[in-house]
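Note sheet for the following structure.
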Amino acid sequence: MKPLLPALLVAAAVVGTGSLAFAQQPAEPTSVYSEADARAVLNARLAALKTVIELTPEQEKLWPALETAIRDISKNAAKRRQEHEKVAPKDFLDIIEVVATDDEARAKDLQKFVAAARPLVAALTPEQKLRVPAFLGLTEGSKAQPSSEMWIFEEEE
């Protein structure tokens, strides 16, 4: 029976780290944060990011692809959150499966983000490049920043 204990502890840790939101969902919404609010916040963040970078006219031409990718990622995250609200997991394996599926979807979204961002980032000055990570919510010096903590995935929280 003792060899089973470490496996159970690992499973409990996995379930506990990424899925507390499933276990603690309130019966009724505690917020009046609407889709319009989310859209307004995203619009403000995109405008702020663009302002923080201070794009030149040549760099400005590369912006639309990145903006579209960020908007698509935000929509995908919101859709995943809405799906989670519809169905309650039956057990911890359902929770782990949802976490795995969401992580895979976020990875694909991040790949789209990187592909859209590369041309613009390649055109930025070193000073402009320094402004981007902090604005996206990436902590300085962190080698393993969880993607779910980036504001482009905020609708999924």
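Naming scheme: A, B, ... for chains in displayed order of the structure tokens; residues 1 onward per chain; ligands 1 onward as shown.
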
So which residues touch Pro64 of chain A within 12 Å, counting only C-alpha atoms, skipping near sequence neighbours fewer than 2 positions away, as a list of chain:residue names? A:Leu46, A:Ala47, A:Lys50, A:Gln59, A:Glu60, A:Lys61, A:Leu62, A:Leu66, A:Glu67, A:Thr68, A:Ala69, A:Ile70, A:Arg71, A:Ala116, A:Ala117, A:Pro119, A:Leu120

Keeping only C-alpha atoms, write the selected residues as a PDB file, in the first residue's frame.
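Wrote again-v5.pdb, looks like this:
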```
ATOM      1  CA  LEU A  46      -4.134  46.348 -27.373  1.00  0.00           C
ATOM      2  CA  ALA A  47      -4.115  50.131 -27.670  1.00  0.00           C
ATOM      3  CA  LYS A  50       0.762  49.561 -29.264  1.00  0.00           C
ATOM      4  CA  GLN A  59       6.425  48.742 -37.940  1.00  0.00           C
ATOM      5  CA  GLU A  60       2.760  49.772 -37.929  1.00  0.00           C
ATOM      6  CA  LYS A  61       2.245  47.713 -41.103  1.00  0.00           C
ATOM      7  CA  LEU A  62       3.172  44.562 -39.161  1.00  0.00           C
ATOM      8  CA  LEU A  66      -0.440  40.372 -34.206  1.00  0.00           C
ATOM      9  CA  GLU A  67      -3.636  42.133 -33.165  1.00  0.00           C
ATOM     10  CA  THR A  68      -5.738  39.548 -35.006  1.00  0.00           C
ATOM     11  CA  ALA A  69      -3.840  36.694 -33.326  1.00  0.00           C
ATOM     12  CA  ILE A  70      -4.343  38.224 -29.865  1.00  0.00           C
ATOM     13  CA  ARG A  71      -8.060  38.759 -30.501  1.00  0.00           C
ATOM     14  CA  ALA A 116       2.221  36.539 -35.790  1.00  0.00           C
ATOM     15  CA  ALA A 117       4.633  38.383 -33.486  1.00  0.00           C
ATOM     16  CA  PRO A 119       7.879  39.737 -38.045  1.00  0.00           C
ATOM     17  CA  LEU A 120       6.944  42.675 -35.824  1.00  0.00           C
TER      18      LEU A 120
END
```

Determine, using only C-alpha atoms, which residues of segment 78-143 of chain A have any atom at most 12 Å from an atom of segment 35-38 of chain A, and tabulate each with its shortest atom pair and distance in Å to one decimal place, rows ordered by chain and then rising number, as a tab-separated table.
```
residue	atom	partner	partner_atom	distance
A:Ala78	CA	A:Glu35	CA	9.1
A:Lys79	CA	A:Glu35	CA	11.3
A:Gln82	CA	A:Glu35	CA	11.4
```

Which neighbours of Asp109 of chain A fall inside 10 Å, counting only C-alpha atoms, when residues of the same chain fewer than 4 positions from it are skipped, and could you give them as number ranges by chain? A: 69-70, 72-74, 76-77, 103-105, 113-115, 147, 152-153

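For the pair atom CA of Ala107 of chain A and atom CA of Leu42 of chain A, the separation is 20.2 Å.
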